[in-house]
>>> print(open('target_29.cif').read())   # mmCIF, C-alpha atoms
data_entry
loop_
_atom_site.group_PDB
_atom_site.id
_atom_site.type_symbol
_atom_site.label_atom_id
_atom_site.label_comp_id
_atom_site.auth_asym_id
_atom_site.auth_seq_id
_atom_site.Cartn_x
_atom_site.Cartn_y
_atom_site.Cartn_z
ATOM 1 C CA MET S 95 35.114 94.575 41.277
ATOM 2 C CA ALA S 96 31.591 95.459 40.065
ATOM 3 C CA PHE S 97 30.708 91.763 40.307
ATOM 4 C CA LEU S 98 31.791 91.708 43.969
ATOM 5 C CA HIS S 99 29.553 94.718 44.581
ATOM 6 C CA ILE S 100 26.648 92.803 43.066
ATOM 7 C CA ILE S 101 27.270 89.920 45.463
ATOM 8 C CA THR S 102 27.848 91.976 48.616
ATOM 9 C CA ASP S 103 25.298 94.737 48.029
ATOM 10 C CA ASN S 104 22.420 92.841 46.427
ATOM 11 C CA ILE S 105 22.559 89.066 46.777
ATOM 12 C CA LEU S 106 24.226 88.625 50.188
ATOM 13 C CA PRO S 107 21.703 90.848 52.049
ATOM 14 C CA LEU S 108 18.855 88.820 50.523
ATOM 15 C CA ILE S 109 20.452 85.571 51.699
ATOM 16 C CA LEU S 110 20.949 87.031 55.194
ATOM 17 C CA PHE S 111 17.240 87.837 55.409
ATOM 18 C CA VAL S 112 16.508 84.242 54.358
ATOM 19 C CA VAL S 113 18.807 82.944 57.113
ATOM 20 C CA ILE S 114 17.101 85.194 59.679
ATOM 21 C CA GLY S 115 13.687 83.870 58.656
ATOM 22 C CA TYR S 116 14.939 80.294 58.823
ATOM 23 C CA LEU S 117 16.428 80.700 62.301
ATOM 24 C CA MET S 118 13.445 82.633 63.648
ATOM 25 C CA ASP S 119 11.029 79.954 62.481
ATOM 26 C CA ARG S 120 13.241 77.212 63.869
ATOM 27 C CA ARG S 121 13.266 78.924 67.265
ATOM 28 C CA PHE S 122 9.716 80.290 67.528
ATOM 29 C CA GLN S 123 7.600 78.376 64.951
ATOM 30 C CA LEU S 124 6.194 81.571 63.403
ATOM 31 C CA ASN S 125 2.884 81.812 61.568
ATOM 32 C CA VAL S 126 3.671 81.920 57.844
ATOM 33 C CA ALA S 127 -0.007 82.262 56.890
ATOM 34 C CA SER S 128 -0.348 85.485 58.905
ATOM 35 C CA LEU S 129 2.808 86.887 57.327
ATOM 36 C CA THR S 130 1.604 86.145 53.790
ATOM 37 C CA LYS S 131 -1.767 87.762 54.574
ATOM 38 C CA LEU S 132 0.027 90.883 55.827
ATOM 39 C CA THR S 133 2.107 90.895 52.641
ATOM 40 C CA PHE S 134 -0.813 90.392 50.250
ATOM 41 C CA TYR S 135 -3.179 92.883 51.841
ATOM 42 C CA LEU S 136 -0.842 95.673 52.962
ATOM 43 C CA VAL S 137 2.862 95.518 52.150
ATOM 44 C CA LEU S 138 2.665 94.334 48.526
ATOM 45 C CA PRO S 139 -0.079 96.809 47.471
ATOM 46 C CA CYS S 140 1.914 99.652 49.045
ATOM 47 C CA PHE S 141 5.063 98.506 47.237
ATOM 48 C CA ILE S 142 3.245 98.338 43.887
ATOM 49 C CA PHE S 143 1.681 101.756 44.399
ATOM 50 C CA TYR S 144 4.946 103.364 45.538
ATOM 51 C CA SER S 145 7.144 101.844 42.821
ATOM 52 C CA ILE S 146 4.794 102.656 39.930
ATOM 53 C CA TYR S 147 3.876 106.117 41.216
ATOM 54 C CA SER S 148 7.560 107.006 41.735
ATOM 55 C CA ALA S 149 8.622 105.668 38.333
ATOM 56 C CA GLU S 150 9.244 108.200 35.586
ATOM 57 C CA LEU S 151 7.544 106.310 32.783
ATOM 58 C CA ASP S 152 8.784 107.232 29.321
ATOM 59 C CA MET S 153 6.001 106.308 26.916
ATOM 60 C CA ASN S 154 8.630 106.077 24.183
ATOM 61 C CA LEU S 155 9.578 102.824 25.907
ATOM 62 C CA VAL S 156 6.251 101.116 25.171
ATOM 63 C CA ASN S 157 8.251 98.879 22.813
ATOM 64 C CA VAL S 158 10.235 97.645 25.827
ATOM 65 C CA PHE S 159 6.987 96.830 27.660
ATOM 66 C CA LEU S 160 5.657 94.897 24.659
ATOM 67 C CA PHE S 161 9.001 93.117 24.247
ATOM 68 C CA CYS S 162 8.891 91.928 27.870
ATOM 69 C CA CYS S 163 5.339 90.631 27.386
ATOM 70 C CA VAL S 164 6.384 88.619 24.321
ATOM 71 C CA GLN S 165 9.426 87.197 26.096
ATOM 72 C CA MET S 166 7.319 86.265 29.123
ATOM 73 C CA ALA S 167 4.731 84.547 26.921
ATOM 74 C CA LEU S 168 7.455 82.470 25.239
ATOM 75 C CA LEU S 169 8.905 81.408 28.597
ATOM 76 C CA GLY S 170 5.408 80.528 29.794
ATOM 77 C CA ALA S 171 4.813 78.404 26.690
ATOM 78 C CA ALA S 172 8.161 76.664 27.250
ATOM 79 C CA GLY S 173 7.215 75.974 30.863
ATOM 80 C CA ALA S 174 3.834 74.550 29.864
ATOM 81 C CA PHE S 175 5.476 72.360 27.207
ATOM 82 C CA PHE S 176 8.036 71.034 29.679
ATOM 83 C CA GLY S 177 5.327 70.323 32.257
ATOM 84 C CA LYS S 178 3.381 68.325 29.681
ATOM 85 C CA LEU S 179 6.541 66.515 28.567
ATOM 86 C CA ARG S 180 7.362 65.521 32.158
ATOM 87 C CA GLY S 181 3.782 64.620 33.004
ATOM 88 C CA PHE S 182 3.464 67.223 35.771
ATOM 89 C CA ALA S 183 0.227 67.606 37.684
ATOM 90 C CA PRO S 184 -1.506 70.878 36.705
ATOM 91 C CA GLY S 185 -0.490 72.540 39.973
ATOM 92 C CA LYS S 186 3.200 71.720 39.524
ATOM 93 C CA THR S 187 3.110 73.014 35.948
ATOM 94 C CA GLU S 188 1.784 76.362 37.199
ATOM 95 C CA ALA S 189 4.429 76.509 39.933
ATOM 96 C CA PHE S 190 7.093 75.740 37.312
ATOM 97 C CA LYS S 191 5.770 78.491 35.021
ATOM 98 C CA ASN S 192 5.728 81.050 37.844
ATOM 99 C CA GLY S 193 9.326 80.194 38.726
ATOM 100 C CA THR S 194 10.523 80.642 35.141
ATOM 101 C CA MET S 195 8.353 83.465 33.769
ATOM 102 C CA PHE S 196 8.769 85.938 36.627
ATOM 103 C CA SER S 197 11.999 87.373 37.998
ATOM 104 C CA ASN S 198 13.250 89.314 41.000
ATOM 105 C CA ASN S 199 13.591 92.586 39.057
ATOM 106 C CA GLY S 200 12.660 94.821 41.964
ATOM 107 C CA ASN S 201 15.129 93.471 44.524
ATOM 108 C CA ILE S 202 18.045 92.647 42.233
ATOM 109 C CA GLY S 203 17.484 93.803 38.647
ATOM 110 C CA VAL S 204 17.222 97.602 38.985
ATOM 111 C CA ALA S 205 20.039 97.763 41.562
ATOM 112 C CA LEU S 206 22.183 95.611 39.271
ATOM 113 C CA ILE S 207 21.657 98.005 36.352
ATOM 114 C CA ALA S 208 22.541 101.004 38.516
ATOM 115 C CA LEU S 209 25.796 99.323 39.588
ATOM 116 C CA ILE S 210 26.793 98.367 36.049
ATOM 117 C CA TYR S 211 26.295 101.801 34.513
ATOM 118 C CA THR S 212 27.862 103.814 37.324
ATOM 119 C CA ASN S 213 31.049 101.726 37.464
ATOM 120 C CA ALA S 214 33.832 101.003 34.977
ATOM 121 C CA PRO S 215 33.841 100.550 32.055
ATOM 122 C CA TYR S 216 30.586 102.500 31.535
ATOM 123 C CA GLY S 217 30.794 105.024 34.334
ATOM 124 C CA SER S 218 32.971 106.636 36.939
ATOM 125 C CA GLU S 219 32.514 109.044 39.806
ATOM 126 C CA GLY S 220 30.363 111.919 38.551
ATOM 127 C CA ASN S 221 30.234 110.593 34.981
ATOM 128 C CA ALA S 222 27.627 108.022 33.980
ATOM 129 C CA PRO S 223 26.481 108.869 30.425
ATOM 130 C CA TYR S 224 24.378 105.723 29.932
ATOM 131 C CA LEU S 225 22.742 105.639 33.352
ATOM 132 C CA ALA S 226 19.601 107.655 32.576
ATOM 133 C CA GLU S 227 18.618 105.492 29.591
ATOM 134 C CA ALA S 228 19.524 102.289 31.425
ATOM 135 C CA LEU S 229 17.407 103.182 34.469
ATOM 136 C CA ALA S 230 14.464 104.217 32.282
ATOM 137 C CA VAL S 231 14.522 100.840 30.503
ATOM 138 C CA SER S 232 14.935 98.869 33.746
ATOM 139 C CA THR S 233 12.061 100.826 35.301
ATOM 140 C CA MET S 234 9.771 99.891 32.413
ATOM 141 C CA THR S 235 10.708 96.221 32.773
ATOM 142 C CA LEU S 236 10.024 96.492 36.513
ATOM 143 C CA VAL S 237 6.565 97.972 35.911
ATOM 144 C CA GLN S 238 5.763 95.202 33.430
ATOM 145 C CA MET S 239 6.954 92.566 35.889
ATOM 146 C CA ASN S 240 4.968 94.079 38.765
ATOM 147 C CA MET S 241 1.778 94.159 36.724
ATOM 148 C CA THR S 242 2.028 90.605 35.392
ATOM 149 C CA LEU S 243 3.550 88.879 38.429
ATOM 150 C CA ASN S 244 0.860 90.175 40.769
ATOM 151 C CA THR S 245 -2.027 89.363 38.449
ATOM 152 C CA LEU S 246 -1.140 86.535 36.054
ATOM 153 C CA GLY S 247 1.314 84.961 38.510
ATOM 154 C CA LEU S 248 -1.297 85.007 41.247
ATOM 155 C CA TYR S 249 -3.873 83.514 38.873
ATOM 156 C CA GLN S 250 -1.530 80.717 37.792
ATOM 157 C CA ALA S 251 -0.684 79.793 41.383
ATOM 158 C CA GLY S 252 -4.356 79.595 42.288
ATOM 159 C CA LYS S 253 -5.277 77.702 39.135
ATOM 160 C CA GLY S 254 -3.070 74.864 40.309
ATOM 161 C CA ARG S 255 -5.509 74.115 43.142
ATOM 162 C CA LEU S 256 -8.762 75.892 42.274
ATOM 163 C CA SER S 257 -10.966 76.167 39.235
ATOM 164 C CA PRO S 258 -10.256 79.218 37.027
ATOM 165 C CA MET S 259 -13.476 80.887 38.217
ATOM 166 C CA ASP S 260 -12.703 80.291 41.893
ATOM 167 C CA THR S 261 -9.184 81.613 41.341
ATOM 168 C CA LEU S 262 -10.556 84.808 39.798
ATOM 169 C CA ARG S 263 -12.886 85.251 42.761
ATOM 170 C CA VAL S 264 -9.922 85.006 45.132
ATOM 171 C CA ILE S 265 -7.879 87.478 43.088
ATOM 172 C CA PHE S 266 -10.719 90.008 42.990
ATOM 173 C CA HIS S 267 -10.874 89.839 46.781
ATOM 174 C CA MET S 268 -7.224 90.900 46.969
ATOM 175 C CA PRO S 269 -6.213 94.558 46.660
ATOM 176 C CA VAL S 270 -3.549 94.182 43.945
ATOM 177 C CA LEU S 271 -5.850 94.811 40.964
ATOM 178 C CA TYR S 272 -7.445 97.805 42.658
ATOM 179 C CA THR S 273 -4.012 99.161 43.574
ATOM 180 C CA LEU S 274 -2.902 99.025 39.926
ATOM 181 C CA ALA S 275 -6.090 100.773 38.789
ATOM 182 C CA ALA S 276 -5.722 103.440 41.485
ATOM 183 C CA VAL S 277 -2.054 104.255 40.864
ATOM 184 C CA PHE S 278 -2.415 104.622 37.099
ATOM 185 C CA THR S 279 -5.528 106.764 37.561
ATOM 186 C CA ILE S 280 -3.764 109.030 40.065
ATOM 187 C CA LYS S 281 -0.708 109.358 37.808
ATOM 188 C CA TYR S 282 -2.978 110.174 34.857
ATOM 189 C CA VAL S 283 -4.870 112.963 36.651
ATOM 190 C CA GLY S 284 -1.616 114.311 38.098
ATOM 191 C CA PHE S 285 -2.596 114.258 41.772
ATOM 192 C CA ASP S 286 0.382 114.742 44.106
ATOM 193 C CA MET S 287 0.349 111.863 46.602
ATOM 194 C CA THR S 288 3.597 112.974 48.256
ATOM 195 C CA VAL S 289 1.821 115.746 50.179
ATOM 196 C CA THR S 290 -0.723 113.379 51.746
ATOM 197 C CA PRO S 291 -0.330 111.566 55.097
ATOM 198 C CA LEU S 292 -0.546 108.264 53.192
ATOM 199 C CA TRP S 293 2.757 108.785 51.394
ATOM 200 C CA PRO S 294 5.012 107.841 54.362
ATOM 201 C CA VAL S 295 2.903 104.701 54.795
ATOM 202 C CA PHE S 296 3.538 103.712 51.172
ATOM 203 C CA GLN S 297 7.249 104.456 51.529
ATOM 204 C CA ASN S 298 7.762 102.494 54.736
ATOM 205 C CA CYS S 299 5.734 99.493 53.579
ATOM 206 C CA ALA S 300 7.556 99.453 50.244
ATOM 207 C CA ASN S 301 10.911 99.501 52.038
ATOM 208 C CA ALA S 302 9.781 96.627 54.248
ATOM 209 C CA LEU S 303 8.777 94.330 51.387
ATOM 210 C CA VAL S 304 12.214 92.859 50.694
ATOM 211 C CA ALA S 305 12.862 91.959 54.332
ATOM 212 C CA ILE S 306 9.401 90.469 54.882
ATOM 213 C CA VAL S 307 9.327 88.438 51.675
ATOM 214 C CA MET S 308 12.848 87.064 52.072
ATOM 215 C CA MET S 309 12.280 86.146 55.714
ATOM 216 C CA ALA S 310 9.042 84.425 54.698
ATOM 217 C CA LEU S 311 11.112 82.475 52.181
ATOM 218 C CA GLY S 312 13.513 81.460 54.948
ATOM 219 C CA MET S 313 10.599 80.307 57.085
ATOM 220 C CA GLN S 314 9.249 78.270 54.186
ATOM 221 C CA ILE S 315 12.669 76.698 53.583
ATOM 222 C CA HIS S 316 12.694 75.555 57.221
ATOM 223 C CA ARG S 317 9.354 73.814 56.636
ATOM 224 C CA SER S 318 10.165 72.413 53.207
ATOM 225 C CA ARG S 319 12.043 69.372 52.043
ATOM 226 C CA ILE S 320 14.638 70.862 49.751
ATOM 227 C CA SER S 321 16.406 68.445 47.419
ATOM 228 C CA PHE S 322 19.196 69.968 45.401
ATOM 229 C CA GLY S 323 19.080 66.834 43.267
ATOM 230 C CA ASP S 324 15.616 67.619 41.879
ATOM 231 C CA VAL S 325 16.071 67.526 38.097
ATOM 232 C CA ASP S 326 12.862 69.465 37.471
ATOM 233 C CA ALA S 327 13.992 72.334 39.682
ATOM 234 C CA TRP S 328 17.382 72.455 37.972
ATOM 235 C CA ILE S 329 15.701 72.574 34.572
ATOM 236 C CA GLY S 330 13.521 75.396 35.857
ATOM 237 C CA CYS S 331 16.674 77.251 36.948
ATOM 238 C CA GLY S 332 18.182 76.700 33.520
ATOM 239 C CA LEU S 333 15.087 78.024 31.785
ATOM 240 C CA ARG S 334 15.010 81.091 34.035
ATOM 241 C CA LEU S 335 18.745 81.918 34.090
ATOM 242 C CA ILE S 336 19.929 80.687 30.669
ATOM 243 C CA GLY S 337 16.762 80.317 28.608
ATOM 244 C CA GLY S 338 15.618 83.817 29.591
ATOM 245 C CA PRO S 339 18.717 85.583 28.198
ATOM 246 C CA VAL S 340 18.814 83.341 25.105
ATOM 247 C CA VAL S 341 15.173 84.114 24.300
ATOM 248 C CA ALA S 342 15.826 87.814 24.973
ATOM 249 C CA ALA S 343 18.885 87.903 22.688
ATOM 250 C CA VAL S 344 17.037 86.225 19.803
ATOM 251 C CA LEU S 345 14.052 88.539 20.235
ATOM 252 C CA ILE S 346 16.283 91.631 20.339
ATOM 253 C CA PHE S 347 17.908 90.704 17.013
ATOM 254 C CA LEU S 348 14.471 90.024 15.496
ATOM 255 C CA TRP S 349 13.102 93.275 16.934
ATOM 256 C CA ASN S 350 16.035 95.206 15.505
ATOM 257 C CA ALA S 351 15.692 93.491 12.114
ATOM 258 C CA PHE S 352 11.926 93.747 11.663
ATOM 259 C CA GLY S 353 10.699 96.280 14.224
ATOM 260 C CA THR S 354 11.562 99.797 15.354
ATOM 261 C CA GLY S 355 14.804 98.552 16.900
ATOM 262 C CA PHE S 356 16.567 99.242 20.210
ATOM 263 C CA SER S 357 19.732 101.169 20.966
ATOM 264 C CA ASN S 358 22.658 99.098 22.192
ATOM 265 C CA VAL S 359 22.229 100.465 25.725
ATOM 266 C CA THR S 360 18.569 99.428 25.754
ATOM 267 C CA SER S 361 19.481 96.041 24.285
ATOM 268 C CA GLN S 362 22.088 95.477 26.999
ATOM 269 C CA VAL S 363 19.664 96.364 29.784
ATOM 270 C CA ILE S 364 16.903 94.115 28.422
ATOM 271 C CA LEU S 365 19.334 91.203 28.148
ATOM 272 C CA ILE S 366 20.728 91.724 31.657
ATOM 273 C CA MET S 367 17.269 92.066 33.226
ATOM 274 C CA SER S 368 16.285 88.778 31.588
ATOM 275 C CA CYS S 369 18.882 86.828 33.623
ATOM 276 C CA VAL S 370 17.668 87.870 37.089
ATOM 277 C CA PRO S 371 16.655 84.883 39.299
ATOM 278 C CA SER S 372 13.101 83.742 39.995
ATOM 279 C CA ALA S 373 10.651 86.031 41.776
ATOM 280 C CA VAL S 374 10.342 85.356 45.489
ATOM 281 C CA ASN S 375 6.636 86.238 45.296
ATOM 282 C CA SER S 376 6.058 82.961 43.480
ATOM 283 C CA VAL S 377 6.800 81.206 46.793
ATOM 284 C CA LEU S 378 4.285 83.392 48.641
ATOM 285 C CA TYR S 379 1.638 82.559 46.056
ATOM 286 C CA ALA S 380 2.427 78.857 46.323
ATOM 287 C CA VAL S 381 2.095 79.059 50.114
ATOM 288 C CA GLU S 382 -1.157 81.033 49.899
ATOM 289 C CA PHE S 383 -2.773 78.459 47.604
ATOM 290 C CA HIS S 384 -0.947 75.387 49.037
ATOM 291 C CA ASN S 385 0.354 74.683 45.549
ATOM 292 C CA TYR S 386 3.663 72.772 45.547
ATOM 293 C CA GLU S 387 5.271 75.021 48.140
ATOM 294 C CA ASP S 388 8.414 72.869 48.417
ATOM 295 C CA PHE S 389 9.028 72.856 44.671
ATOM 296 C CA ALA S 390 8.454 76.618 44.331
ATOM 297 C CA THR S 391 10.799 77.288 47.261
ATOM 298 C CA GLU S 392 13.477 75.035 45.821
ATOM 299 C CA LEU S 393 13.335 76.677 42.403
ATOM 300 C CA VAL S 394 13.649 80.199 43.834
ATOM 301 C CA MET S 395 16.544 79.343 46.139
ATOM 302 C CA MET S 396 18.484 77.397 43.531
ATOM 303 C CA SER S 397 18.073 80.127 40.920
ATOM 304 C CA THR S 398 19.185 82.812 43.404
ATOM 305 C CA PHE S 399 22.416 80.958 44.226
ATOM 306 C CA ALA S 400 23.136 79.948 40.606
ATOM 307 C CA SER S 401 22.525 83.506 39.368
ATOM 308 C CA CYS S 402 25.824 84.592 40.932
ATOM 309 C CA VAL S 403 27.498 82.829 37.988
ATOM 310 C CA THR S 404 24.930 83.253 35.217
ATOM 311 C CA MET S 405 24.385 86.994 35.797
ATOM 312 C CA THR S 406 28.115 87.589 35.410
ATOM 313 C CA LEU S 407 28.208 85.636 32.137
ATOM 314 C CA THR S 408 25.155 87.478 30.823
ATOM 315 C CA ILE S 409 26.650 90.888 31.629
ATOM 316 C CA TYR S 410 29.765 90.048 29.628
ATOM 317 C CA ALA S 411 27.679 88.590 26.806
ATOM 318 C CA ALA S 412 25.684 91.836 26.677
ATOM 319 C CA ARG S 413 28.914 93.815 26.277
ATOM 320 C CA LEU S 414 30.018 91.598 23.370
ATOM 321 C CA LEU S 415 26.665 91.402 21.578
ATOM 322 C CA PHE S 416 25.682 95.068 21.955
ATOM 323 C CA PRO S 417 28.907 97.086 22.341
ATOM 324 C CA ILE S 418 28.817 100.702 23.438
ATOM 325 C CA PRO S 419 31.796 103.094 23.799
ATOM 326 C CA LEU S 420 33.787 102.578 26.991
ATOM 327 C CA LEU S 421 34.923 105.438 29.191
#
>>> encode(input="target_29.cif", output="structure tokens")
Amino acid sequence: MAFLHIITDNILPLILFVVIGYLMDRRFQLNVASLTKLTFYLVLPCFIFYSIYSAELDMNLVNVFLFCCVQMALLGAAGAFFGKLRGFAPGKTEAFKNGTMFSNNGNIGVALIALIYTNAPYGSEGNAPYLAEALAVSTMTLVQMNMTLNTLGLYQAGKGRLSPMDTLRVIFHMPVLYTLAAVFTIKYVGFDMTVTPLWPVFQNCANALVAIVMMALGMQIHRSRISFGDVDAWIGCGLRLIGGPVVAAVLIFLWNAFGTGFSNVTSQVILIMSCVPSAVNSVLYAVEFHNYEDFATELVMMSTFASCVTMTLTIYAARLLFPIPLL
């Protein structure tokens, strides 16, 4: 039953937004470039600010942040190795890396964790003993993903078409870096943003991100040549949906053996968050830099559909590998 909730409450609405974007573009030939500019310069910065400012960051979870960075680096190295093995052009290698390193934690991951730990066998109505720890861990993974996706991911997408220096110039003209600096500074000094007139703007823009990004994906699908027989895209899906959890599981056992170690609840959450499909933002970056838009779109869509199966398998694997008492 929890799996059906995942499909109906999290994945199906995303697909409906994609369909809306597809049909709207087919009927009206919308301007994707204008939509991506709106996203980059307003909606995405507001989402980053709102999500990080609202997050209750437990500094005891720094180990989780570091773990996610190591896992991401390993997936990036695997993507670079595969690109070299297949003889990809530099731009396609970067698109492949973005599709495998970065996941849709914000739209799917955190909601998925909340569903798992408030439903049987780990929770029931009014009784969810593991929820607080699970949400804290998923929030830390979300913060790490937001920071890296919107900096490193943007850099990698641009590097596929521009020189590294030109890519950095473009990034420094975008507000993402300044948004990250501002939100951490404001959290550090303890200023209450919720009493300012800007707070409703952040809230409304953050709530709009999912709809805008997924509709932009639908528009891009309408303009792309999607081939579900593309071996490279399928391998990218496998690396994101299967390689991600495998790398996470191995790292968790190593971390527990040689590091400070994680509780079984934390281990479960890390493993589950590692199986979330590719980040939709990677398509926006590909469109912005004209860097293998069709391939990036294909990888995101295929991983989103295939995750319906792989996320279920990963959830059950997490229960077997890191058991916690059932209610």
>>> closest_atom_pairs(input="target_29.cif", of="range 292-389 of chain S", to="range 259-266 of chain S", cutoff="12 Å", atoms="only C-alpha atoms", output="Markdown table")
| residue | atom | partner | partner_atom | distance |
| --- | --- | --- | --- | --- |
| S:Tyr379 | CA | S:Ile265 | CA | 11.1 |
| S:Glu382 | CA | S:Val264 | CA | 10.7 |
| S:Phe383 | CA | S:Thr261 | CA | 9.5 |
>>> closest_atom_pairs(input="target_29.cif", of="range 170-272 of chain S", to="range 126-144 of chain S", cutoff="8 Å", atoms="all atoms listed in the file", output="tab-separated table")
residue	atom	partner	partner_atom	distance
S:Asn240	CA	S:Ile142	CA	6.9
S:Met268	CA	S:Tyr135	CA	6.6
S:Pro269	CA	S:Tyr135	CA	6.2
S:Val270	CA	S:Pro139	CA	5.6
>>> resolve_selection(input="target_29.cif", expression="the PyMOL selection byres ((chain S and resi 347-362) around 9)", output="ChimeraX atom specification")
/S:157-158,161,224,227-228,231-232,342-346,363-367,409,411-413,415-418
>>> closest_residue(input="target_29.cif", among="S:Val112, S:Phe175, S:Gly203, S:Arg255", to="Met405 in chain S", atoms="only C-alpha atoms")
S:Gly203
>>> atom_distance(input="target_29.cif", atom1="CA of Thr194 in chain S", atom2="CA of Thr404 in chain S")
14.6 Å
>>> decode(input="target_29.cif", residues="range 338-360 of chain S", atoms="N, CA and C atoms", output="PDB file, in the first residue's frame")
ATOM      1  N   GLY S 338      23.899   3.670  -7.792  1.00  0.00           N
ATOM      2  CA  GLY S 338      23.822   4.568  -6.638  1.00  0.00           C
ATOM      3  C   GLY S 338      23.600   3.820  -5.335  1.00  0.00           C
ATOM      4  N   PRO S 339      22.568   2.978  -5.233  1.00  0.00           N
ATOM      5  CA  PRO S 339      22.359   2.209  -4.001  1.00  0.00           C
ATOM      6  C   PRO S 339      23.483   1.221  -3.688  1.00  0.00           C
ATOM      7  N   VAL S 340      24.064   0.595  -4.727  1.00  0.00           N
ATOM      8  CA  VAL S 340      25.165  -0.341  -4.480  1.00  0.00           C
ATOM      9  C   VAL S 340      26.366   0.393  -3.887  1.00  0.00           C
ATOM     10  N   VAL S 341      26.720   1.526  -4.480  1.00  0.00           N
ATOM     11  CA  VAL S 341      27.826   2.330  -3.948  1.00  0.00           C
ATOM     12  C   VAL S 341      27.508   2.770  -2.521  1.00  0.00           C
ATOM     13  N   ALA S 342      26.267   3.216  -2.289  1.00  0.00           N
ATOM     14  CA  ALA S 342      25.870   3.661  -0.954  1.00  0.00           C
ATOM     15  C   ALA S 342      25.986   2.537   0.063  1.00  0.00           C
ATOM     16  N   ALA S 343      25.508   1.332  -0.293  1.00  0.00           N
ATOM     17  CA  ALA S 343      25.554   0.203   0.640  1.00  0.00           C
ATOM     18  C   ALA S 343      26.993  -0.153   1.013  1.00  0.00           C
ATOM     19  N   VAL S 344      27.868  -0.216   0.009  1.00  0.00           N
ATOM     20  CA  VAL S 344      29.280  -0.533   0.275  1.00  0.00           C
ATOM     21  C   VAL S 344      29.900   0.532   1.166  1.00  0.00           C
ATOM     22  N   LEU S 345      29.627   1.803   0.858  1.00  0.00           N
ATOM     23  CA  LEU S 345      30.195   2.888   1.658  1.00  0.00           C
ATOM     24  C   LEU S 345      29.672   2.867   3.093  1.00  0.00           C
ATOM     25  N   ILE S 346      28.392   2.539   3.269  1.00  0.00           N
ATOM     26  CA  ILE S 346      27.825   2.483   4.619  1.00  0.00           C
ATOM     27  C   ILE S 346      28.543   1.424   5.451  1.00  0.00           C
ATOM     28  N   PHE S 347      28.752   0.233   4.875  1.00  0.00           N
ATOM     29  CA  PHE S 347      29.455  -0.821   5.613  1.00  0.00           C
ATOM     30  C   PHE S 347      30.886  -0.395   5.929  1.00  0.00           C
ATOM     31  N   LEU S 348      31.551   0.265   4.984  1.00  0.00           N
ATOM     32  CA  LEU S 348      32.916   0.750   5.245  1.00  0.00           C
ATOM     33  C   LEU S 348      32.905   1.839   6.306  1.00  0.00           C
ATOM     34  N   TRP S 349      31.934   2.736   6.232  1.00  0.00           N
ATOM     35  CA  TRP S 349      31.817   3.829   7.200  1.00  0.00           C
ATOM     36  C   TRP S 349      31.578   3.275   8.600  1.00  0.00           C
ATOM     37  N   ASN S 350      30.735   2.248   8.671  1.00  0.00           N
ATOM     38  CA  ASN S 350      30.438   1.643   9.974  1.00  0.00           C
ATOM     39  C   ASN S 350      31.632   0.862  10.518  1.00  0.00           C
ATOM     40  N   ALA S 351      32.440   0.298   9.603  1.00  0.00           N
ATOM     41  CA  ALA S 351      33.586  -0.512  10.032  1.00  0.00           C
ATOM     42  C   ALA S 351      34.776   0.349  10.440  1.00  0.00           C
ATOM     43  N   PHE S 352      34.996   1.455   9.707  1.00  0.00           N
ATOM     44  CA  PHE S 352      36.219   2.228   9.928  1.00  0.00           C
ATOM     45  C   PHE S 352      35.975   3.661  10.385  1.00  0.00           C
ATOM     46  N   GLY S 353      34.728   4.109  10.365  1.00  0.00           N
ATOM     47  CA  GLY S 353      34.428   5.483  10.749  1.00  0.00           C
ATOM     48  C   GLY S 353      33.620   5.537  12.032  1.00  0.00           C
ATOM     49  N   THR S 354      32.880   6.645  12.191  1.00  0.00           N
ATOM     50  CA  THR S 354      32.063   6.813  13.400  1.00  0.00           C
ATOM     51  C   THR S 354      30.821   5.937  13.365  1.00  0.00           C
ATOM     52  N   GLY S 355      30.393   5.539  12.169  1.00  0.00           N
ATOM     53  CA  GLY S 355      29.255   4.634  12.051  1.00  0.00           C
ATOM     54  C   GLY S 355      27.917   5.358  12.045  1.00  0.00           C
ATOM     55  N   PHE S 356      26.922   4.718  11.418  1.00  0.00           N
ATOM     56  CA  PHE S 356      25.560   5.255  11.343  1.00  0.00           C
ATOM     57  C   PHE S 356      24.609   4.306  12.049  1.00  0.00           C
ATOM     58  N   SER S 357      23.520   4.857  12.591  1.00  0.00           N
ATOM     59  CA  SER S 357      22.463   4.005  13.116  1.00  0.00           C
ATOM     60  C   SER S 357      21.780   3.320  11.936  1.00  0.00           C
ATOM     61  N   ASN S 358      21.010   2.285  12.237  1.00  0.00           N
ATOM     62  CA  ASN S 358      20.322   1.571  11.154  1.00  0.00           C
ATOM     63  C   ASN S 358      19.264   2.444  10.471  1.00  0.00           C
ATOM     64  N   VAL S 359      18.634   3.340  11.231  1.00  0.00           N
ATOM     65  CA  VAL S 359      17.659   4.247  10.616  1.00  0.00           C
ATOM     66  C   VAL S 359      18.373   5.172   9.631  1.00  0.00           C
ATOM     67  N   THR S 360      19.483   5.748  10.058  1.00  0.00           N
ATOM     68  CA  THR S 360      20.251   6.631   9.177  1.00  0.00           C
ATOM     69  C   THR S 360      20.751   5.868   7.955  1.00  0.00           C
TER      70      THR S 360
END
